[in-house]
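Asker: Take this structure first; my questions come after.
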Amino acid sequence: MKIFLIILFILCLNSAAQNKPNIIFIFTDDHAQRAISAYPDSLNKTPNIDRLAQEGMLFQNSFVTNSICGPSRAVILTGKHSHMNGFRKNDDKFDGGQRNFPKLLQAAGYQTAIIGKWHLKSNPQGFNHWDILPGQGHYYNPDFINAQGKYNEKGYVSDVITDKTINWIEANKEKPFMVMMQHKAPHREWMPNLKYLNKYDDVTFPEPTNLFDDYETRGKAARKQDMNIDKTMRLTGDLKVWELDTKKGHLWKYNIGRMSAGEKKIWDAAYSPKNKKFLDAKLTDKELIRWKYQRYIKDYLRCIDSVDESVGRILDYLQESKLADNTIIYYGSDQGFYLGEHGWFDKRFMYEESMRTPLLIKWPGITKPGATCSKLVQNLDYAQTMLEMAGVSAPSDMQGKSLVPLLKEENPAWRESLYYHYYEGEHSWHKVAAHYGIRTERYKLIHFHTHDEWELYDLQNDPNEMSNVYQNPEYKELTENLKKQLKNLQKSYQVKGQ
C-alpha cells in the first residue's frame, strides 16, 4: 500500500508538471513597432510575427522603463526598475546573485535556458543552459560563450540562434521549459542575411514627415544629441560603402572580416553596383540624407526579415512536435528605435519611437485569438506575468503588474501612468542628456534634469511630439498636476535622487 501511494504521488507530480505551460520568450534588439505589419503604419511585412497577433494578443501601448539595451534586460529579469536592480547604464555589471524570474521558475520545476544576446557583462544565473553572444555579438559567423568557454559558430546569427533554441527545446521538451531566445538583430550595424541583400532594391520607403526636424520647440537635449542620420550615421560601417573606408582594419569590426570568401563574394556582388551608383551621383545636403535614410531603412528591415523567418520556424516546430497547445510565446524588443523620425536613429529618449516597444503574446486556450489590449504596460511587468502563468507567486519586491488579467480580458483596474528614467547622459554614446518623466494615456512630461529643462507633449493633438507646450499657459494646471503624479510615482518606486 505504501509503495502504491508513493507511485501515485510521483505520478501526480509528473502530471502537474506536464500541465504547466512552456514559455518561449522571443526577444529582439531595437525593433520598432513600425517594423511589424501587425501594428499600424508599418513599413514592412512580417507574416510570422503577425501570426502571434492573429493567434494571441497584440499590446497597442507597450513601453519600456529605460530605453537602452542592458538596463531593459535587467528590468525584465528582475521585475524592478533600473535604480532597484542596480543596472542603470550599459557600462554597469549586472548583479546575477539577485533574485530573478528564471531562478523562481527553476525552483518550481522548470528547465530554463537563454540563447543569444545577453549584454549584461556578468554570466547568466538562473538558467540550466546558457549560450550567449559576447557583448553585442556579430552577424556573420558569430562567437558564443557558454559554461565551457568561448567558441565560434558558422552561419548567420539569427539562423544560428534559432537552430540552437530548437535543438535545446527538442532535448528538454519532456519537462516544462522556459527559454529566452534573444536575437542580435536588428541592432546596428544592420548586416542582413545573404539571401536578403537585394530585397527592397526596387522600393522607395516613405520618409517620416519629421525627417528634417529642426527641434524648434525642444530644449538642449534634442539639439545636442549625436544620433542624426545626417551627421552621425557612417557611410562606411553603418551604410556599407566600404569603398570610402581607407582603414581596412575596420572591416573586421563591421563583420565583413568575419565572412568567408564565398560570403564576401555574394556581399560584394550585391552592394558594389549600388555603391558605385551612389558614389557617381555625388549627392549633397538633403539628397544625401535621403539616400542615407533609404540605405539604412532597407538594411534594417532586411535584418528583421531573418527574425520573422526565425519566428516562423519556431511556430512550425511547435506544431510539428505537438508542443504548440501548451506553449506560451512572447514577442518583444528591449526598446523601440528611431526609423528616421526627428532625423534620428538609435533610442534612449523618452519620445514615443524609442519608449514604445512591440509586445505580442500567444497563450493557447487562454487568450482569445486576434485580441488587442490598449492598457499601458511596461517591460517591468514581464517577470510577474511569466511567474503567474507558471503558477508561481511573485516576490513582493517586484514592481510590475502581471498581465495575466489583461490576457484573460478581465478588464481589471489598471495603472494610469508610467515612469521612465534614462541615466547614461551626454558623456555616453549619442550624447543624450539624462532625463526622467511620466507618461499618461494622453500626456507626457519629461524633465531633463541636468539642464533643468522640462518638456510637455499632448499626444492626442501632437502624436509626433513636435510641439513642446510646457510654457503654454493653457497647460499650466495640467503641468502642476502631472508633476505631483510624477513625484508620487517616484515615491512608489523608491526613486532616491536622480
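Each chain of the C-alpha cells is named A, B, ... in the order shown, its residues numbered from 1; ligands are numbered from 1 in display order.
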Can you pull out every residue from range 238-432 of chain A that DSSP, working from the backbone, puts in strand (DSSP E), and format the result as an mmCIF file with N, CA and C atoms, in the first residue's frame?

Answerer:
```
data_model
loop_
_atom_site.group_PDB
_atom_site.id
_atom_site.type_symbol
_atom_site.label_atom_id
_atom_site.label_comp_id
_atom_site.auth_asym_id
_atom_site.auth_seq_id
_atom_site.Cartn_x
_atom_site.Cartn_y
_atom_site.Cartn_z
ATOM 1 N N THR A 327 2.260 25.802 -25.137
ATOM 2 C CA THR A 327 3.431 26.687 -25.133
ATOM 3 C C THR A 327 3.004 28.135 -25.342
ATOM 4 N N ILE A 328 3.359 28.960 -24.379
ATOM 5 C CA ILE A 328 3.129 30.408 -24.452
ATOM 6 C C ILE A 328 4.296 31.033 -25.201
ATOM 7 N N ILE A 329 3.999 31.960 -26.091
ATOM 8 C CA ILE A 329 5.059 32.654 -26.827
ATOM 9 C C ILE A 329 4.923 34.154 -26.625
ATOM 10 N N TYR A 330 6.022 34.751 -26.197
ATOM 11 C CA TYR A 330 6.141 36.208 -26.128
ATOM 12 C C TYR A 330 6.927 36.667 -27.346
ATOM 13 N N TYR A 331 6.602 37.834 -27.856
ATOM 14 C CA TYR A 331 7.498 38.510 -28.796
ATOM 15 C C TYR A 331 7.637 39.960 -28.347
ATOM 16 N N GLY A 332 8.884 40.402 -28.149
ATOM 17 C CA GLY A 332 9.119 41.785 -27.746
ATOM 18 C C GLY A 332 10.521 42.226 -28.124
ATOM 19 N N SER A 333 10.845 43.442 -27.742
ATOM 20 C CA SER A 333 12.160 44.010 -28.002
ATOM 21 C C SER A 333 12.615 44.795 -26.786
ATOM 22 N N LEU A 359 4.943 44.221 -28.311
ATOM 23 C CA LEU A 359 4.639 43.124 -27.396
ATOM 24 C C LEU A 359 3.450 42.353 -27.949
ATOM 25 N N LEU A 360 3.695 41.087 -28.243
ATOM 26 C CA LEU A 360 2.649 40.175 -28.700
ATOM 27 C C LEU A 360 2.781 38.897 -27.882
ATOM 28 N N ILE A 361 1.660 38.381 -27.386
ATOM 29 C CA ILE A 361 1.686 37.175 -26.556
ATOM 30 C C ILE A 361 0.614 36.205 -27.039
ATOM 31 N N LYS A 362 1.040 34.990 -27.309
ATOM 32 C CA LYS A 362 0.128 33.903 -27.663
ATOM 33 C C LYS A 362 0.063 32.944 -26.471
ATOM 34 N N ALA A 371 -6.935 39.123 -30.245
ATOM 35 C CA ALA A 371 -7.258 40.113 -29.220
ATOM 36 C C ALA A 371 -6.257 41.263 -29.238
ATOM 37 N N THR A 372 -6.703 42.432 -28.807
ATOM 38 C CA THR A 372 -5.820 43.585 -28.643
ATOM 39 C C THR A 372 -6.022 44.160 -27.241
ATOM 40 N N CYS A 373 -5.006 44.866 -26.764
ATOM 41 C CA CYS A 373 -5.075 45.499 -25.446
ATOM 42 C C CYS A 373 -4.513 46.907 -25.550
ATOM 43 N N VAL A 377 1.242 49.199 -20.561
ATOM 44 C CA VAL A 377 2.059 48.128 -19.987
ATOM 45 C C VAL A 377 3.533 48.440 -20.215
ATOM 46 N N GLN A 378 4.391 47.803 -19.397
ATOM 47 C CA GLN A 378 5.830 48.037 -19.494
ATOM 48 C C GLN A 378 6.597 46.725 -19.394
ATOM 49 N N SER A 417 -0.583 55.661 -15.387
ATOM 50 C CA SER A 417 0.623 56.356 -15.832
ATOM 51 C C SER A 417 1.834 55.434 -15.721
ATOM 52 N N LEU A 418 2.906 55.819 -16.433
ATOM 53 C CA LEU A 418 4.157 55.066 -16.456
ATOM 54 C C LEU A 418 5.312 55.970 -16.058
ATOM 55 N N TYR A 419 6.315 55.356 -15.416
ATOM 56 C CA TYR A 419 7.537 56.090 -15.054
ATOM 57 C C TYR A 419 8.682 55.644 -15.952
ATOM 58 N N TYR A 420 9.466 56.623 -16.396
ATOM 59 C CA TYR A 420 10.608 56.370 -17.279
ATOM 60 C C TYR A 420 11.826 57.087 -16.723
ATOM 61 N N HIS A 421 13.017 56.459 -16.852
ATOM 62 C CA HIS A 421 14.228 57.101 -16.356
ATOM 63 C C HIS A 421 15.425 56.617 -17.165
ATOM 64 N N TYR A 422 16.073 57.552 -17.865
ATOM 65 C CA TYR A 422 17.283 57.272 -18.645
ATOM 66 C C TYR A 422 18.471 57.911 -17.935
#
```

Asker: Using the chain letters and numbers from this document, which residues of range 309-403 of chain A does DSSP assign to helix (DSSP H, G or I), as a VMD selection string?

Answerer: chain A and resid 309 to 320 324 to 326 341 to 343 352 to 355 379 to 389

Asker: I'd like the interatomic distance between CA of Asp30 in chain A and CA of Ile76 in chain A, to a tenth of an Å.

Answerer: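 Separation of CA of Asp30 in chain A and CA of Ile76 in chain A: 15.2 Å.
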
Asker: Would you kindly return, as a PyMOL selection string, each protein, DNA or RNA residue with an atom no farther than 9 Å from any atom of Ala433 in chain A, considering only C-alpha atoms and excluding same-chain residues fewer than 2 positions away?

Answerer: chain A and resi 220-222+224-225+349+422-427+431+435+448-451

Asker: Name the closest residue to Arg302 in chain A among the candidates A:Ala113, A:Ile68, A:Ala185, A:Ala171; distances are taken between atoms, counting only C-alpha atoms.

Answerer: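 Ranking A:Ala113, A:Ile68, A:Ala185, A:Ala171 by distance to Arg302 in chain A, first place goes to A:Ala185.
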
Asker: Given only C-alpha atoms, how would the per-residue table for range 135-232 of chain A near range 106-109 of chain A read, listing every residue at most 10 Å away with its closest atom pair and distance in Å to one decimal, sorted by chain and number, as a tab-separated table?

Answerer:
```
residue	atom	partner	partner_atom	distance
A:Lys175	CA	A:Gly109	CA	8.1
A:Pro176	CA	A:Gly109	CA	7.2
A:Phe177	CA	A:Gly109	CA	8.6
A:Met178	CA	A:Gln106	CA	9.1
```

Asker: Go ahead and write the selection's residues with N, CA and C atoms as an mmCIF file, in the first residue's frame.

Answerer:
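Result file follows (selection_17.cif):
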```
data_model
loop_
_atom_site.group_PDB
_atom_site.id
_atom_site.type_symbol
_atom_site.label_atom_id
_atom_site.label_comp_id
_atom_site.auth_asym_id
_atom_site.auth_seq_id
_atom_site.Cartn_x
_atom_site.Cartn_y
_atom_site.Cartn_z
ATOM 1 N N LYS A 175 10.006 18.013 -19.962
ATOM 2 C CA LYS A 175 9.706 18.762 -18.743
ATOM 3 C C LYS A 175 9.233 20.160 -19.137
ATOM 4 N N PRO A 176 8.536 20.841 -18.232
ATOM 5 C CA PRO A 176 8.178 22.243 -18.530
ATOM 6 C C PRO A 176 9.451 23.066 -18.741
ATOM 7 N N PHE A 177 9.421 23.939 -19.736
ATOM 8 C CA PHE A 177 10.618 24.728 -20.021
ATOM 9 C C PHE A 177 10.277 26.195 -20.241
ATOM 10 N N MET A 178 11.280 27.020 -19.997
ATOM 11 C CA MET A 178 11.227 28.443 -20.334
ATOM 12 C C MET A 178 12.546 28.772 -21.008
#
```

Asker: For a test of reading the model, state the distance in Å between CA of His342 in chain A and CA of Leu211 in chain A, rounded to one decimal.

Answerer: 5.2 Å

Asker: Would you pick out the contacts of range 481-487 of chain A at 9 Å or less, using only C-alpha atoms, so that residues sharing its chain but fewer than 5 positions from it are not included, and give the list as a list in words?

Answerer: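 Those residues are Ser417, Leu418, Tyr419, Gly437, Ile438, Thr440, Tyr443, Lys444, Leu445, Lys476 and Ser492 of chain A.
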
Asker: Do you know which residues are at most 8 Å from range 379-391 of chain A counting only C-alpha atoms, after dropping those on the same chain fewer than 6 positions away, and could you put them as a ChimeraX atom specification?

Answerer: /A:20-21,23,62-65,72,75-81,100-101,104-105,398-404

Asker: What would the file look like if the residues just selected were written as a PDB file, in the first residue's frame with N, CA and C atoms?

Answerer:
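After the write, selection-v5.pdb holds the following:
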```pdb
ATOM      1  N   LYS A  20       1.924  22.325 -16.583  1.00  0.00           N
ATOM      2  CA  LYS A  20       2.497  23.676 -16.572  1.00  0.00           C
ATOM      3  C   LYS A  20       2.811  24.100 -18.000  1.00  0.00           C
ATOM      4  N   PRO A  21       2.485  25.308 -18.366  1.00  0.00           N
ATOM      5  CA  PRO A  21       2.767  25.728 -19.747  1.00  0.00           C
ATOM      6  C   PRO A  21       4.250  25.958 -19.978  1.00  0.00           C
ATOM      7  N   ILE A  23       7.158  28.152 -21.905  1.00  0.00           N
ATOM      8  CA  ILE A  23       7.236  29.579 -22.252  1.00  0.00           C
ATOM      9  C   ILE A  23       8.435  29.806 -23.167  1.00  0.00           C
ATOM     10  N   SER A  62       2.577  49.387 -25.376  1.00  0.00           N
ATOM     11  CA  SER A  62       3.641  48.694 -24.655  1.00  0.00           C
ATOM     12  C   SER A  62       4.881  49.581 -24.631  1.00  0.00           C
ATOM     13  N   PHE A  63       5.501  49.726 -23.457  1.00  0.00           N
ATOM     14  CA  PHE A  63       6.604  50.673 -23.274  1.00  0.00           C
ATOM     15  C   PHE A  63       7.723  50.062 -22.434  1.00  0.00           C
ATOM     16  N   VAL A  64       8.855  50.773 -22.385  1.00  0.00           N
ATOM     17  CA  VAL A  64       9.976  50.371 -21.540  1.00  0.00           C
ATOM     18  C   VAL A  64      10.177  51.400 -20.430  1.00  0.00           C
ATOM     19  N   THR A  65      10.953  51.032 -19.429  1.00  0.00           N
ATOM     20  CA  THR A  65      11.251  51.925 -18.312  1.00  0.00           C
ATOM     21  C   THR A  65      12.512  52.735 -18.545  1.00  0.00           C
ATOM     22  N   SER A  72      17.244  47.501 -19.978  1.00  0.00           N
ATOM     23  CA  SER A  72      15.950  46.910 -20.288  1.00  0.00           C
ATOM     24  C   SER A  72      15.941  45.419 -19.952  1.00  0.00           C
ATOM     25  N   VAL A  75      15.732  44.890 -16.193  1.00  0.00           N
ATOM     26  CA  VAL A  75      14.365  45.130 -15.720  1.00  0.00           C
ATOM     27  C   VAL A  75      13.499  43.895 -15.959  1.00  0.00           C
ATOM     28  N   ILE A  76      13.630  43.300 -17.132  1.00  0.00           N
ATOM     29  CA  ILE A  76      12.818  42.133 -17.468  1.00  0.00           C
ATOM     30  C   ILE A  76      13.132  40.957 -16.551  1.00  0.00           C
ATOM     31  N   LEU A  77      14.407  40.719 -16.297  1.00  0.00           N
ATOM     32  CA  LEU A  77      14.793  39.595 -15.449  1.00  0.00           C
ATOM     33  C   LEU A  77      14.308  39.759 -14.014  1.00  0.00           C
ATOM     34  N   THR A  78      14.399  40.976 -13.493  1.00  0.00           N
ATOM     35  CA  THR A  78      14.156  41.197 -12.067  1.00  0.00           C
ATOM     36  C   THR A  78      12.758  41.699 -11.740  1.00  0.00           C
ATOM     37  N   GLY A  79      12.069  42.299 -12.723  1.00  0.00           N
ATOM     38  CA  GLY A  79      10.785  42.928 -12.420  1.00  0.00           C
ATOM     39  C   GLY A  79      10.944  44.178 -11.582  1.00  0.00           C
ATOM     40  N   LYS A  80      12.107  44.820 -11.685  1.00  0.00           N
ATOM     41  CA  LYS A  80      12.393  46.022 -10.899  1.00  0.00           C
ATOM     42  C   LYS A  80      12.982  47.106 -11.799  1.00  0.00           C
ATOM     43  N   HIS A  81      12.673  48.364 -11.466  1.00  0.00           N
ATOM     44  CA  HIS A  81      13.267  49.492 -12.181  1.00  0.00           C
ATOM     45  C   HIS A  81      14.792  49.477 -12.063  1.00  0.00           C
ATOM     46  N   ASN A 100      15.772  36.593  -9.655  1.00  0.00           N
ATOM     47  CA  ASN A 100      15.173  36.891 -10.953  1.00  0.00           C
ATOM     48  C   ASN A 100      14.122  35.826 -11.267  1.00  0.00           C
ATOM     49  N   PHE A 101      13.309  36.080 -12.268  1.00  0.00           N
ATOM     50  CA  PHE A 101      12.203  35.162 -12.530  1.00  0.00           C
ATOM     51  C   PHE A 101      12.666  33.786 -13.029  1.00  0.00           C
ATOM     52  N   LEU A 104      13.218  31.585 -10.030  1.00  0.00           N
ATOM     53  CA  LEU A 104      11.964  31.174  -9.406  1.00  0.00           C
ATOM     54  C   LEU A 104      11.274  30.093 -10.224  1.00  0.00           C
ATOM     55  N   LEU A 105      11.386  30.158 -11.545  1.00  0.00           N
ATOM     56  CA  LEU A 105      10.831  29.098 -12.381  1.00  0.00           C
ATOM     57  C   LEU A 105      11.610  27.799 -12.194  1.00  0.00           C
ATOM     58  N   MET A 398       8.950  42.848  -6.359  1.00  0.00           N
ATOM     59  CA  MET A 398       8.833  43.124  -7.792  1.00  0.00           C
ATOM     60  C   MET A 398       7.883  44.299  -7.979  1.00  0.00           C
ATOM     61  N   GLN A 399       8.171  45.154  -8.961  1.00  0.00           N
ATOM     62  CA  GLN A 399       7.477  46.426  -9.078  1.00  0.00           C
ATOM     63  C   GLN A 399       6.488  46.506 -10.235  1.00  0.00           C
ATOM     64  N   GLY A 400       6.342  45.432 -10.992  1.00  0.00           N
ATOM     65  CA  GLY A 400       5.433  45.468 -12.127  1.00  0.00           C
ATOM     66  C   GLY A 400       4.048  44.983 -11.773  1.00  0.00           C
ATOM     67  N   LYS A 401       3.272  44.704 -12.805  1.00  0.00           N
ATOM     68  CA  LYS A 401       1.917  44.161 -12.655  1.00  0.00           C
ATOM     69  C   LYS A 401       1.789  42.989 -13.625  1.00  0.00           C
ATOM     70  N   SER A 402       1.259  41.894 -13.147  1.00  0.00           N
ATOM     71  CA  SER A 402       1.043  40.760 -14.031  1.00  0.00           C
ATOM     72  C   SER A 402       0.040  41.120 -15.123  1.00  0.00           C
ATOM     73  N   LEU A 403       0.365  40.729 -16.340  1.00  0.00           N
ATOM     74  CA  LEU A 403      -0.519  40.968 -17.482  1.00  0.00           C
ATOM     75  C   LEU A 403      -1.570  39.879 -17.643  1.00  0.00           C
ATOM     76  N   VAL A 404      -1.542  38.881 -16.775  1.00  0.00           N
ATOM     77  CA  VAL A 404      -2.474  37.756 -16.912  1.00  0.00           C
ATOM     78  C   VAL A 404      -3.932  38.204 -16.959  1.00  0.00           C
TER      79      VAL A 404
END
```

Asker: Which residues of range 90-133 of chain A sit at most 9 Å from range 157-167 of chain A, using only C-alpha atoms? Give each one's shortest atom pair and distance in Å (one decimal place), in chain and ascending residue order, as a tab-separated table.

Answerer:
```
residue	atom	partner	partner_atom	distance
A:Ala113	CA	A:Thr165	CA	8.7
A:Ile114	CA	A:Thr165	CA	8.6
A:Ile115	CA	A:Ile161	CA	6.5
A:Gly116	CA	A:Ile161	CA	5.8
A:Asp131	CA	A:Lys164	CA	8.6
```

Asker: How would the residues just chosen look if you wrote them out with N, CA and C atoms as a short mmCIF file (atom, residue, chain, number, x, y, z; two decimals), in the first residue's frame?

Answerer:
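Saved file part.cif follows:
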```
data_model
loop_
_atom_site.label_atom_id
_atom_site.label_comp_id
_atom_site.auth_asym_id
_atom_site.auth_seq_id
_atom_site.Cartn_x
_atom_site.Cartn_y
_atom_site.Cartn_z
N ALA A 113 16.56 28.26 -20.03
CA ALA A 113 17.70 28.50 -20.92
C ALA A 113 17.65 29.92 -21.45
N ILE A 114 18.83 30.46 -21.75
CA ILE A 114 18.93 31.71 -22.50
C ILE A 114 19.93 31.49 -23.62
N ILE A 115 19.51 31.86 -24.83
CA ILE A 115 20.32 31.64 -26.03
C ILE A 115 20.31 32.92 -26.85
N GLY A 116 21.50 33.44 -27.14
CA GLY A 116 21.60 34.66 -27.95
C GLY A 116 22.20 35.81 -27.18
N ASP A 131 23.91 30.04 -23.53
CA ASP A 131 24.76 30.03 -24.71
C ASP A 131 24.60 31.41 -25.35
#
```

Asker: Show which residues sit within 12 Å of Val241 in chain A, as a list in words. Count only C-alpha atoms, and ignore same-chain residues fewer than 2 positions away.

Answerer: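 Non-adjacent residues within range: Met233, Arg234, Leu235, Thr236, Gly237, Asp238, Leu239, Glu243, Leu244, Asp245, Thr246, Leu251, Tyr254, Ile256, Trp267, Asp268, Ala270, Tyr271, Ser272, Pro273, Lys274, Asn275, Lys276, Lys277, Phe278, Leu279, Lys292, Arg295 and Tyr296 of chain A.
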
Asker: Using only C-alpha atoms for the distances, tell me which of A:Asp397, A:Glu352, A:Asp334, A:Glu320 is nearest to Glu170 in chain A.

Answerer: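 Checking each candidate against Glu170 in chain A, we get A:Glu320 as the closest.
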
Asker: Identify which of the residues A:Phe212, A:Tyr436, A:Phe337, A:Tyr140 lies closest to Pro192 in chain A, counting only C-alpha atoms when measuring atom-to-atom distances.

Answerer: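 Selected residue with least distance to Pro192 in chain A: A:Tyr140.
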
Asker: Rank A:Lys103, A:Met181, A:Lys89, A:Asp41 by their smallest atom-to-atom distance to Ala394 in chain A, using only C-alpha atoms, and report the top residue only.

Answerer: A:Lys103

Asker: From the set A:Arg258, A:Arg73, A:Arg348, A:Lys240, which residue has the shortest atom-to-atom contact distance to Glu153 in chain A, counting only C-alpha atoms?

Answerer: A:Arg258

Asker: Of the candidates A:Val179, A:Val307, A:Ala324, A:Met57, which shows the shortest atom-to-atom distance to Thr112 in chain A, using only C-alpha atoms?

Answerer: A:Val179

Asker: Give me the residues within 10 Å of Gly97 in chain A as an MDAnalysis selection string, counting only C-alpha atoms and dropping any in the same chain fewer than 4 places off.

Answerer: chainID A and resid 122 124:126

Asker: To one decimal place in Å, what is the distance between CA of Glu353 in chain A and CA of Lys375 in chain A?

Answerer: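 One can read the CA of Glu353 in chain A to CA of Lys375 in chain A distance as 17.6 Å.
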
Asker: What are the nearest atom pairs, with distances in Å to one decimal, for all residues of range 37-80 of chain A that come at most 12 Å from range 193-203 of chain A, using only C-alpha atoms, set out by chain and rising residue number as JSON lines?

Answerer:
```
{"residue": "A:Leu43", "atom": "CA", "partner": "A:Val203", "partner_atom": "CA", "distance": 10.9}
{"residue": "A:Asn44", "atom": "CA", "partner": "A:Tyr200", "partner_atom": "CA", "distance": 9.8}
{"residue": "A:Lys45", "atom": "CA", "partner": "A:Tyr200", "partner_atom": "CA", "distance": 11.5}
```

Asker: Since we have the selection now, will you write its residues out, keeping C-alpha atoms, as a PDB file, in the first residue's frame?

Answerer:
```pdb
ATOM      1  CA  LEU A  43       6.792  49.840 -43.280  1.00  0.00           C
ATOM      2  CA  ASN A  44       7.229  46.136 -43.995  1.00  0.00           C
ATOM      3  CA  LYS A  45       5.562  42.730 -43.947  1.00  0.00           C
TER       4      LYS A  45
END
```
